[in-house]
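S.K.: The structure is given below, and queries will be raised subsequently.
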Amino acid sequence: MDSLSDERADTAFLLQAIEFASRKHSTQRRKDAGASPYINHPIAVAHLLADAGGITDLLTLMAAVLHDTIEDTETTPAEIEAQFGETVRKLVEEMTDDETLGSAQRKQLQIEHAPKLSRRAKPIRIADKIANIQDVVEHPPPRWTHARRIAYLDWTEKVVAGCRGANPALERHYDEVLKRGRATLAAT
Ligand code: ZN
């Protein structure tokens, strides 16, 4: 295959992942007051990886688009593997919390698992946290108190601490978004 047809295949694969995720998340909404379509979130995560992180690796971008499908929809790991291969399936599984556990335990496990994430999964985790900070600061779930929003930001710092070294540019972007987020919350 020449490089141009490789590029075409890459683009088609990435769009296939976006289409797959958008179908899987089609009935779901984010928790903001405007109930944004859920798919906005995984697309934002993939965009952060490409833009702030400079990542062009197709498998990372596909896994970012798909990262919440197993956790939040009826999608199975086998389905992901059949369409997108073993590496992407493993990455999505790395991003999947055990939904049988309570929220506090899931949060603690994310902190503990962060240093053990693979080289490709760490940036996805960081971008996921950047996107969520932006949501919590700018479009919070209506019932979240100020204290809960700050506690969320504090928690992301502990998760990201375990992912550092994976992508310095993305980590700097996280630091800036966190700093701005804290300033915004302090002023409200
Ligand atoms: Zn996510």
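In the structure tokens, chains take the letters A, B, ... in the order shown, each chain's residues start at 1, and ligands count up from 1 in the order shown.
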Can you write out as a tab-separated table which residues of chain A fall within 9 Å of ligand 1, alongside each residue's closest atom pair and its distance in Å to one decimal, counting only C-alpha atoms and all ligand atoms and ordering rows by chain and ascending residue number?

M.R.:
residue	atom	partner	partner_atom_place_in_ligand_line	distance
A:His41	CA	ligand 1	1 (Zn)	6.6
A:Pro42	CA	ligand 1	1 (Zn)	6.2
A:Val45	CA	ligand 1	1 (Zn)	7.4
A:Ala64	CA	ligand 1	1 (Zn)	8.3
A:His67	CA	ligand 1	1 (Zn)	6.4
A:Asp68	CA	ligand 1	1 (Zn)	5.6
A:Met95	CA	ligand 1	1 (Zn)	8.1
A:Ile124	CA	ligand 1	1 (Zn)	8.8
A:Arg125	CA	ligand 1	1 (Zn)	8.0
A:Ala127	CA	ligand 1	1 (Zn)	8.6
A:Asp128	CA	ligand 1	1 (Zn)	5.0
A:Lys129	CA	ligand 1	1 (Zn)	7.5
A:Ala131	CA	ligand 1	1 (Zn)	7.9
A:Asn132	CA	ligand 1	1 (Zn)	7.4

S.K.: At a cut-off of 6 Å, using only C-alpha atoms, what residues contact Leu170 of chain A? Leave out same-chain residues fewer than 2 positions from it and give the result as an MDAnalysis selection string.

M.R.: chainID A and resid 52:53 167:168 172:173

S.K.: Restricting the output to C-alpha atoms, write the selected residues as a PDB file, in the first residue's frame.

M.R.:
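As written to disk, part-v9.pdb reads:
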ATOM      1  CA  ALA A  52      -3.003  19.702  22.456  1.00  0.00           C
ATOM      2  CA  GLY A  53      -1.138  16.363  22.511  1.00  0.00           C
ATOM      3  CA  ASN A 167       2.895  13.325  26.808  1.00  0.00           C
ATOM      4  CA  PRO A 168       4.463  16.535  28.200  1.00  0.00           C
ATOM      5  CA  ARG A 172       1.071  21.210  30.220  1.00  0.00           C
ATOM      6  CA  HIS A 173      -2.347  21.723  28.661  1.00  0.00           C
TER       7      HIS A 173
END

S.K.: Go through chain A and collect every residue that DSSP, computed from the backbone, puts in helix (DSSP H, G or I); the answer should be as JSON, numbers by chain.

M.R.: {"A": [3, 4, 5, 6, 7, 8, 9, 10, 11, 12, 13, 14, 15, 16, 17, 18, 19, 20, 21, 22, 23, 24, 40, 41, 42, 43, 44, 45, 46, 47, 48, 49, 50, 51, 58, 59, 60, 61, 62, 63, 64, 65, 66, 69, 70, 71, 72, 77, 78, 79, 80, 81, 82, 83, 84, 86, 87, 88, 89, 90, 91, 92, 93, 94, 103, 104, 105, 106, 107, 108, 109, 110, 111, 112, 113, 114, 115, 116, 121, 122, 123, 124, 125, 126, 127, 128, 129, 130, 131, 132, 133, 134, 135, 136, 137, 138, 146, 147, 148, 149, 150, 151, 152, 153, 154, 155, 156, 157, 158, 159, 160, 161, 168, 169, 170, 171, 172, 173, 174, 175, 176, 177, 178, 179, 180, 181, 182, 183, 184, 185, 186]}

S.K.: Kindly indicate which residue among A:Lys122, A:Leu109, A:Leu48, A:Thr73 lies nearest to Leu91 of chain A, using only C-alpha atoms for the distances.

M.R.: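 The shortest atom-to-atom distance to Leu91 of chain A comes from A:Lys122.
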
S.K.: Would you mind listing what lies within 7 Å of Ile39 of chain A as a ChimeraX atom specification, with only C-alpha atoms counted and same-chain residues fewer than 3 positions away left out?

M.R.: /A:22,25,42-43

S.K.: My list of candidates is A:Thr76, A:Ser118, A:Thr156, A:Gln134. Which is closest to Thr184 of chain A when distances are computed with only C-alpha atoms?

M.R.: A:Gln134

S.K.: Choose the residue, out of A:Gln110, A:Thr69, A:Gln28, A:Gln105, that has the smallest atom-to-atom separation from Glu93 of chain A; count only C-alpha atoms.

M.R.: A:Thr69

S.K.: Contacts of Leu14 of chain A at 12 Å or less, counting only C-alpha atoms, minus same-chain residues fewer than 2 places along, as a list in words?

M.R.: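 Within the cut-off, the hits are Glu7, Arg8, Ala9, Asp10, Thr11, Ala12, Gln16, Ala17, Ile18, Glu19, Phe20, Ala21, Ile43, Ala46, His47, Thr56, Asp57, Leu58, Leu59, Thr60, Leu61, Met62, Ala63, Ala64, Val65, Leu66, Gln83, Phe84 and Val88 of chain A.
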
S.K.: If we count only C-alpha atoms, what is near segment 178-183 of chain A at a cut-off of 9 Å, once residues fewer than 2 positions away on the same chain are taken out, given as a VMD selection string?

M.R.: chain A and resid 130 133 to 134 136 to 138 150 153 157 173 to 176 185 to 188

S.K.: Can those selected residues be exported to a file as a compact mmCIF listing (two decimals), in the first residue's frame so that it contains all heavy atoms?

M.R.:
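For reference, part-v9.txt as written:
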# COMPACT_ATOMS: atom_id res chain seq x y z
N ILE A 130 -9.08 16.36 31.12
CA ILE A 130 -9.15 17.76 30.63
C ILE A 130 -10.58 18.07 30.18
O ILE A 130 -11.16 19.09 30.56
CB ILE A 130 -8.16 18.00 29.47
CG1 ILE A 130 -6.71 17.83 29.93
CG2 ILE A 130 -8.37 19.40 28.87
CD1 ILE A 130 -5.68 17.86 28.78
N ILE A 133 -12.88 18.36 33.18
CA ILE A 133 -12.69 19.61 33.94
C ILE A 133 -13.41 20.75 33.22
O ILE A 133 -14.11 21.55 33.84
CB ILE A 133 -11.19 19.96 34.09
CG1 ILE A 133 -10.51 19.01 35.06
CG2 ILE A 133 -11.02 21.40 34.58
CD1 ILE A 133 -9.00 19.21 35.16
N GLN A 134 -13.22 20.81 31.89
CA GLN A 134 -13.88 21.87 31.13
C GLN A 134 -15.40 21.81 31.32
O GLN A 134 -16.05 22.83 31.52
CB GLN A 134 -13.49 21.79 29.65
CG GLN A 134 -12.04 22.26 29.44
CD GLN A 134 -11.48 21.99 28.06
OE1 GLN A 134 -11.88 21.04 27.39
NE2 GLN A 134 -10.54 22.81 27.63
N VAL A 136 -17.04 20.42 33.93
CA VAL A 136 -17.40 20.70 35.32
C VAL A 136 -17.27 22.20 35.64
O VAL A 136 -18.03 22.75 36.43
CB VAL A 136 -16.53 19.84 36.28
CG1 VAL A 136 -16.55 20.36 37.70
CG2 VAL A 136 -17.01 18.39 36.25
N VAL A 137 -16.32 22.86 34.98
CA VAL A 137 -16.15 24.30 35.22
C VAL A 137 -17.18 25.11 34.43
O VAL A 137 -17.82 26.01 34.98
CB VAL A 137 -14.70 24.75 34.86
CG1 VAL A 137 -14.58 26.27 34.90
CG2 VAL A 137 -13.70 24.10 35.81
N GLU A 138 -17.33 24.77 33.14
CA GLU A 138 -18.15 25.62 32.27
C GLU A 138 -19.61 25.19 32.18
O GLU A 138 -20.49 26.05 32.03
CB GLU A 138 -17.54 25.67 30.86
CG GLU A 138 -16.25 26.50 30.82
CD GLU A 138 -15.36 26.09 29.65
OE1 GLU A 138 -15.90 25.74 28.59
OE2 GLU A 138 -14.12 26.13 29.82
N ILE A 150 -15.05 21.49 43.02
CA ILE A 150 -13.64 21.61 43.41
C ILE A 150 -13.05 20.24 43.75
O ILE A 150 -11.93 19.91 43.36
CB ILE A 150 -13.50 22.61 44.59
CG1 ILE A 150 -13.77 24.02 44.06
CG2 ILE A 150 -12.11 22.52 45.23
CD1 ILE A 150 -13.88 25.08 45.11
N LEU A 153 -12.05 18.48 40.61
CA LEU A 153 -10.77 18.95 40.08
C LEU A 153 -9.60 18.35 40.87
O LEU A 153 -8.59 17.92 40.30
CB LEU A 153 -10.70 20.49 40.11
CG LEU A 153 -11.14 21.23 38.82
CD1 LEU A 153 -12.50 20.80 38.32
CD2 LEU A 153 -11.07 22.73 39.00
N GLU A 157 -6.38 15.67 39.55
CA GLU A 157 -4.95 15.90 39.75
C GLU A 157 -4.24 14.63 40.21
O GLU A 157 -3.12 14.35 39.80
CB GLU A 157 -4.75 17.00 40.81
CG GLU A 157 -4.27 18.29 40.22
CD GLU A 157 -3.82 19.29 41.27
OE1 GLU A 157 -4.59 19.52 42.24
OE2 GLU A 157 -2.72 19.82 41.10
N HIS A 173 -0.99 21.25 28.96
CA HIS A 173 -2.35 21.72 28.66
C HIS A 173 -3.28 21.41 29.83
O HIS A 173 -4.09 22.26 30.23
CB HIS A 173 -2.86 21.09 27.37
CG HIS A 173 -4.14 21.68 26.89
ND1 HIS A 173 -4.27 22.99 26.47
CD2 HIS A 173 -5.39 21.14 26.79
CE1 HIS A 173 -5.53 23.22 26.14
NE2 HIS A 173 -6.23 22.13 26.33
N TYR A 174 -3.15 20.22 30.39
CA TYR A 174 -3.94 19.86 31.58
C TYR A 174 -3.68 20.88 32.69
O TYR A 174 -4.63 21.38 33.32
CB TYR A 174 -3.58 18.44 32.07
CG TYR A 174 -4.13 18.16 33.44
CD1 TYR A 174 -5.45 17.73 33.61
CD2 TYR A 174 -3.35 18.37 34.58
CE1 TYR A 174 -5.97 17.52 34.87
CE2 TYR A 174 -3.87 18.17 35.85
CZ TYR A 174 -5.18 17.74 35.98
OH TYR A 174 -5.71 17.57 37.25
N ASP A 175 -2.40 21.17 32.94
CA ASP A 175 -2.05 22.10 34.03
C ASP A 175 -2.71 23.47 33.82
O ASP A 175 -3.20 24.08 34.76
CB ASP A 175 -0.52 22.27 34.13
CG ASP A 175 0.16 20.99 34.61
OD1 ASP A 175 -0.50 20.17 35.29
OD2 ASP A 175 1.36 20.80 34.31
N GLU A 176 -2.69 23.93 32.56
CA GLU A 176 -3.30 25.24 32.26
C GLU A 176 -4.81 25.21 32.46
O GLU A 176 -5.39 26.13 33.03
CB GLU A 176 -3.04 25.63 30.80
CG GLU A 176 -1.67 26.22 30.54
CD GLU A 176 -1.34 26.23 29.05
OE1 GLU A 176 -2.27 26.36 28.22
OE2 GLU A 176 -0.14 26.07 28.72
N LEU A 185 -13.58 28.86 39.25
CA LEU A 185 -14.42 28.42 40.39
C LEU A 185 -14.20 29.31 41.61
O LEU A 185 -15.16 29.58 42.36
CB LEU A 185 -14.12 26.96 40.73
CG LEU A 185 -14.63 25.91 39.73
CD1 LEU A 185 -14.33 24.51 40.23
CD2 LEU A 185 -16.13 26.06 39.47
N ALA A 186 -12.98 29.79 41.80
CA ALA A 186 -12.70 30.66 42.95
C ALA A 186 -13.44 31.98 42.82
O ALA A 186 -13.79 32.62 43.83
CB ALA A 186 -11.19 30.91 43.06
N ALA A 187 -13.72 32.40 41.58
CA ALA A 187 -14.38 33.69 41.34
C ALA A 187 -15.91 33.57 41.35
O ALA A 187 -16.61 34.57 41.21
CB ALA A 187 -13.90 34.26 40.01
N THR A 188 -16.41 32.34 41.49
CA THR A 188 -17.88 32.18 41.43
C THR A 188 -18.46 31.83 42.80
O THR A 188 -17.77 31.36 43.68
CB THR A 188 -18.31 31.08 40.42
OG1 THR A 188 -17.61 29.88 40.72
CG2 THR A 188 -18.07 31.51 39.00

S.K.: Identify, on the basis of only C-alpha atoms, every residue whose closest approach to His113 of chain A does not exceed 10 Å; exclude the query and any residue fewer than 6 positions from it along the same chain; express the result as JSON, numbers by chain.

M.R.: {"A": [94, 159, 162, 163]}
